[in-house]
Amino acid sequence: MINIGIVQCCMGPGVFLLGLIQVLNQNPWNIATYVMRMFSSVLRMEACMSFVLALNRLKVICQLKYRSWIHNMLLAIIWLLGILNYCLLYTPWAAYNATPGVFSTHYDLTKPYSYLLQQTGSYFMMTSFVLTFIVYTVICVHLLKIRKSATIVSSAKQEQHILVYAVFRFVIDVTLAVIYNYGGLPPVPIVDFPIIVGNVLNNLLLPPALYLTLNRSLRKKFFSIKVTSNLNTVNAQSSNAVTKVFSVSQNGIVKND
């Protein structure tokens, strides 16, 4: 989860700068291009890391007996491939550009290996999506078998939540990946804007929104923290107000004396 959070945070500055160059209608020093090139790597890395996260959950829930260092090795390979993908975009062989007036980023197909790099990355993404969905399906089947056994009694909500989360992510991830990599759509604002917004919301907003929606205990904790924070703020303001009133009244007594 930490690795996924890190790569998702890397997406934020690039999206901000992409919007900024649209407002300014210029790309000073190509800063937005340099930062948005992380977008290409981050999308692929997040998909692969989600598969590793699913494997870790499979190992814990199904009590599989294999070494945990395999997950660390997979994460290290993903980081290396992501960094390699990013570095290749600075070579004469491939490029990934952010342009004012274009509401999404695209591979520069005038470079000899840009298309190959795009397609290779898309294959990694699609494979990760399918494998992640399969792993979560296996987890659901395993939990259903446990529930049906006489030794453990539980509701079907846990299995349903896992399956709903997996289906939502799989459908949206695959849809966005197919549209972007294989859609062959023209680079016009009416097409680019929904694609870039969809990718950003899918990676930054959808996961926590699904967790809060499907997990009742997490939802209660989240909103209880929010309510507690608001109550503490109100109490602090009330305390400050009482202190001020008391101070004014004391000053008035002193003056009258």
# chains A, B, ... in the order shown; residues from 1 in each chain; ligands from 1

$ residues_around --residues "region 159-171 of chain A" --least-positions-apart "5" --cutoff "7 Å" --atoms "only C-alpha atoms" --output "number ranges by chain"
A: 129, 133, 136-137, 140, 143-144, 210, 214

$ select_by_dssp --residues "region 61-234 of chain A" --states "alpha helix (DSSP H)" --output "PyMOL selection string"
chain A and resi 61+69-88+114-148+157-182+189-204+206-214+216-234

$ residues_around --residues "Ala95 (chain A)" --least-positions-apart "6" --cutoff "8 Å" --atoms "only C-alpha atoms" --output "list in words"
Leu88, Leu89, Tyr107, Asp108, Leu109, Lys111 and Ser114 of chain A

$ write_last_selection --atoms "N, CA, C and O atoms" --output "short mmCIF file (atom, residue, chain, number, x, y, z; two decimals), in the first residue's frame"
data_model
loop_
_atom_site.label_atom_id
_atom_site.label_comp_id
_atom_site.auth_asym_id
_atom_site.auth_seq_id
_atom_site.Cartn_x
_atom_site.Cartn_y
_atom_site.Cartn_z
N LEU A 88 13.79 6.31 -20.56
CA LEU A 88 13.75 6.14 -22.02
C LEU A 88 13.05 7.30 -22.72
O LEU A 88 13.32 7.58 -23.90
N LEU A 89 12.17 7.98 -22.00
CA LEU A 89 11.44 9.11 -22.60
C LEU A 89 12.32 10.33 -22.81
O LEU A 89 11.88 11.31 -23.40
N TYR A 107 2.24 9.93 -26.40
CA TYR A 107 3.56 9.53 -26.86
C TYR A 107 3.84 10.22 -28.19
O TYR A 107 2.95 10.37 -29.04
N ASP A 108 5.09 10.63 -28.35
CA ASP A 108 5.52 11.26 -29.60
C ASP A 108 5.83 10.15 -30.61
O ASP A 108 6.90 9.54 -30.57
N LEU A 109 4.90 9.90 -31.49
CA LEU A 109 5.03 8.78 -32.43
C LEU A 109 6.01 9.07 -33.56
O LEU A 109 6.25 8.20 -34.40
N LYS A 111 9.06 9.57 -32.85
CA LYS A 111 10.25 8.87 -32.36
C LYS A 111 10.13 7.39 -32.72
O LYS A 111 9.04 6.82 -32.72
N SER A 114 8.61 5.00 -29.68
CA SER A 114 7.54 5.47 -28.81
C SER A 114 6.34 4.51 -28.84
O SER A 114 5.77 4.17 -27.79
#

$ closest_atom_pairs --of "region 124-200 of chain A" --to "region 53-76 of chain A" --cutoff "8 Å" --atoms "only C-alpha atoms" --output "Markdown table"
| residue | atom | partner | partner_atom | distance |
| --- | --- | --- | --- | --- |
| A:Thr132 | CA | A:Ala54 | CA | 6.1 |
| A:Val135 | CA | A:Ala54 | CA | 6.3 |
| A:Tyr136 | CA | A:Ala54 | CA | 6.7 |
| A:Val138 | CA | A:Leu58 | CA | 8.0 |
| A:Ile139 | CA | A:Leu58 | CA | 6.1 |
| A:His142 | CA | A:Cys62 | CA | 7.0 |

$ write_last_selection --atoms "all heavy atoms" --output "PDB file, in the first residue's frame"
ATOM      1  N   THR A 132      -4.946  -9.436 -11.362  1.00  0.00           N
ATOM      2  CA  THR A 132      -5.479  -8.908 -10.107  1.00  0.00           C
ATOM      3  C   THR A 132      -6.926  -9.336  -9.916  1.00  0.00           C
ATOM      4  O   THR A 132      -7.332  -9.749  -8.813  1.00  0.00           O
ATOM      5  CB  THR A 132      -5.385  -7.369 -10.088  1.00  0.00           C
ATOM      6  OG1 THR A 132      -4.024  -6.982 -10.267  1.00  0.00           O
ATOM      7  CG2 THR A 132      -5.892  -6.809  -8.763  1.00  0.00           C
ATOM      8  N   VAL A 135      -7.023 -12.987  -8.938  1.00  0.00           N
ATOM      9  CA  VAL A 135      -6.616 -13.206  -7.548  1.00  0.00           C
ATOM     10  C   VAL A 135      -7.747 -12.867  -6.589  1.00  0.00           C
ATOM     11  O   VAL A 135      -8.044 -13.618  -5.652  1.00  0.00           O
ATOM     12  CB  VAL A 135      -5.355 -12.372  -7.224  1.00  0.00           C
ATOM     13  CG1 VAL A 135      -5.079 -12.396  -5.721  1.00  0.00           C
ATOM     14  CG2 VAL A 135      -4.147 -12.913  -7.968  1.00  0.00           C
ATOM     15  N   TYR A 136      -8.411 -11.732  -6.816  1.00  0.00           N
ATOM     16  CA  TYR A 136      -9.515 -11.353  -5.927  1.00  0.00           C
ATOM     17  C   TYR A 136     -10.687 -12.332  -6.053  1.00  0.00           C
ATOM     18  O   TYR A 136     -11.398 -12.583  -5.073  1.00  0.00           O
ATOM     19  CB  TYR A 136      -9.975  -9.929  -6.225  1.00  0.00           C
ATOM     20  CG  TYR A 136      -9.111  -8.870  -5.582  1.00  0.00           C
ATOM     21  CD1 TYR A 136      -8.425  -7.932  -6.350  1.00  0.00           C
ATOM     22  CD2 TYR A 136      -8.986  -8.809  -4.198  1.00  0.00           C
ATOM     23  CE1 TYR A 136      -7.634  -6.960  -5.763  1.00  0.00           C
ATOM     24  CE2 TYR A 136      -8.180  -7.848  -3.599  1.00  0.00           C
ATOM     25  CZ  TYR A 136      -7.510  -6.928  -4.385  1.00  0.00           C
ATOM     26  OH  TYR A 136      -6.719  -5.988  -3.791  1.00  0.00           O
ATOM     27  N   VAL A 138     -10.336 -15.542  -6.635  1.00  0.00           N
ATOM     28  CA  VAL A 138      -9.897 -16.702  -5.856  1.00  0.00           C
ATOM     29  C   VAL A 138     -10.097 -16.448  -4.361  1.00  0.00           C
ATOM     30  O   VAL A 138     -10.529 -17.333  -3.607  1.00  0.00           O
ATOM     31  CB  VAL A 138      -8.419 -17.025  -6.159  1.00  0.00           C
ATOM     32  CG1 VAL A 138      -7.894 -18.099  -5.205  1.00  0.00           C
ATOM     33  CG2 VAL A 138      -8.265 -17.491  -7.604  1.00  0.00           C
ATOM     34  N   ILE A 139      -9.786 -15.223  -3.916  1.00  0.00           N
ATOM     35  CA  ILE A 139      -9.982 -14.879  -2.503  1.00  0.00           C
ATOM     36  C   ILE A 139     -11.455 -15.001  -2.116  1.00  0.00           C
ATOM     37  O   ILE A 139     -11.801 -15.549  -1.057  1.00  0.00           O
ATOM     38  CB  ILE A 139      -9.463 -13.456  -2.217  1.00  0.00           C
ATOM     39  CG1 ILE A 139      -7.939 -13.415  -2.347  1.00  0.00           C
ATOM     40  CG2 ILE A 139      -9.887 -12.993  -0.832  1.00  0.00           C
ATOM     41  CD1 ILE A 139      -7.347 -12.022  -2.223  1.00  0.00           C
ATOM     42  N   HIS A 142     -12.455 -18.622  -1.858  1.00  0.00           N
ATOM     43  CA  HIS A 142     -11.901 -19.207  -0.630  1.00  0.00           C
ATOM     44  C   HIS A 142     -12.724 -18.792   0.594  1.00  0.00           C
ATOM     45  O   HIS A 142     -13.031 -19.635   1.458  1.00  0.00           O
ATOM     46  CB  HIS A 142     -10.454 -18.755  -0.459  1.00  0.00           C
ATOM     47  CG  HIS A 142      -9.814 -19.218   0.808  1.00  0.00           C
ATOM     48  ND1 HIS A 142      -9.421 -20.519   1.028  1.00  0.00           N
ATOM     49  CD2 HIS A 142      -9.523 -18.537   1.957  1.00  0.00           C
ATOM     50  CE1 HIS A 142      -8.900 -20.638   2.234  1.00  0.00           C
ATOM     51  NE2 HIS A 142      -8.960 -19.456   2.823  1.00  0.00           N
TER      52      HIS A 142
END

$ residues_around --residues "region 21-24 of chain A" --least-positions-apart "4" --cutoff "12 Å" --atoms "only C-alpha atoms" --output "PyMOL selection string"
chain A and resi 14-17+28-33+36+98-104+189+193

$ closest_atom_pairs --of "region 85-137 of chain A" --to "region 173-184 of chain A" --cutoff "12 Å" --atoms "only C-alpha atoms" --output "JSON lines"
{"residue": "A:Ser104", "atom": "CA", "partner": "A:Tyr180", "partner_atom": "CA", "distance": 10.0}
{"residue": "A:Thr105", "atom": "CA", "partner": "A:Tyr180", "partner_atom": "CA", "distance": 10.2}
{"residue": "A:His106", "atom": "CA", "partner": "A:Tyr180", "partner_atom": "CA", "distance": 9.3}
{"residue": "A:Tyr107", "atom": "CA", "partner": "A:Asn181", "partner_atom": "CA", "distance": 10.2}
{"residue": "A:Tyr115", "atom": "CA", "partner": "A:Asn181", "partner_atom": "CA", "distance": 9.8}
{"residue": "A:Leu116", "atom": "CA", "partner": "A:Asn181", "partner_atom": "CA", "distance": 11.4}
{"residue": "A:Leu117", "atom": "CA", "partner": "A:Asn181", "partner_atom": "CA", "distance": 11.2}
{"residue": "A:Gln118", "atom": "CA", "partner": "A:Asn181", "partner_atom": "CA", "distance": 7.4}
{"residue": "A:Gln119", "atom": "CA", "partner": "A:Asn181", "partner_atom": "CA", "distance": 7.2}
{"residue": "A:Thr120", "atom": "CA", "partner": "A:Asn181", "partner_atom": "CA", "distance": 10.4}
{"residue": "A:Gly121", "atom": "CA", "partner": "A:Asn181", "partner_atom": "CA", "distance": 9.4}
{"residue": "A:Ser122", "atom": "CA", "partner": "A:Asn181", "partner_atom": "CA", "distance": 6.7}
{"residue": "A:Tyr123", "atom": "CA", "partner": "A:Asn181", "partner_atom": "CA", "distance": 9.7}
{"residue": "A:Phe124", "atom": "CA", "partner": "A:Ala177", "partner_atom": "CA", "distance": 10.9}
{"residue": "A:Met125", "atom": "CA", "partner": "A:Ala177", "partner_atom": "CA", "distance": 7.8}
{"residue": "A:Met126", "atom": "CA", "partner": "A:Val174", "partner_atom": "CA", "distance": 6.7}
{"residue": "A:Thr127", "atom": "CA", "partner": "A:Val174", "partner_atom": "CA", "distance": 10.0}
{"residue": "A:Ser128", "atom": "CA", "partner": "A:Val174", "partner_atom": "CA", "distance": 10.1}
{"residue": "A:Phe129", "atom": "CA", "partner": "A:Val174", "partner_atom": "CA", "distance": 7.1}
{"residue": "A:Val130", "atom": "CA", "partner": "A:Val174", "partner_atom": "CA", "distance": 8.7}
{"residue": "A:Thr132", "atom": "CA", "partner": "A:Asp173", "partner_atom": "CA", "distance": 11.2}
{"residue": "A:Phe133", "atom": "CA", "partner": "A:Asp173", "partner_atom": "CA", "distance": 10.8}

$ atom_distance --atom1 "CA of Gly82 (chain A)" --atom2 "CA of Ser40 (chain A)"
8.7 Å

$ atom_distance --atom1 "CA of Pro92 (chain A)" --atom2 "CA of Arg44 (chain A)"
21.8 Å

$ closest_residue --among "A:Ala47, A:Ile4, A:Ile196, A:Ile190" --to "Leu131 (chain A)" --atoms "only C-alpha atoms"
A:Ala47

$ select_by_dssp --residues "region 34-125 of chain A" --states "strand (DSSP E or B)" --output "PyMOL selection string"
chain A and resi 96-97+106-107

$ atom_distance --atom1 "CA of Asn203 (chain A)" --atom2 "CA of Gln8 (chain A)"
6.9 Å
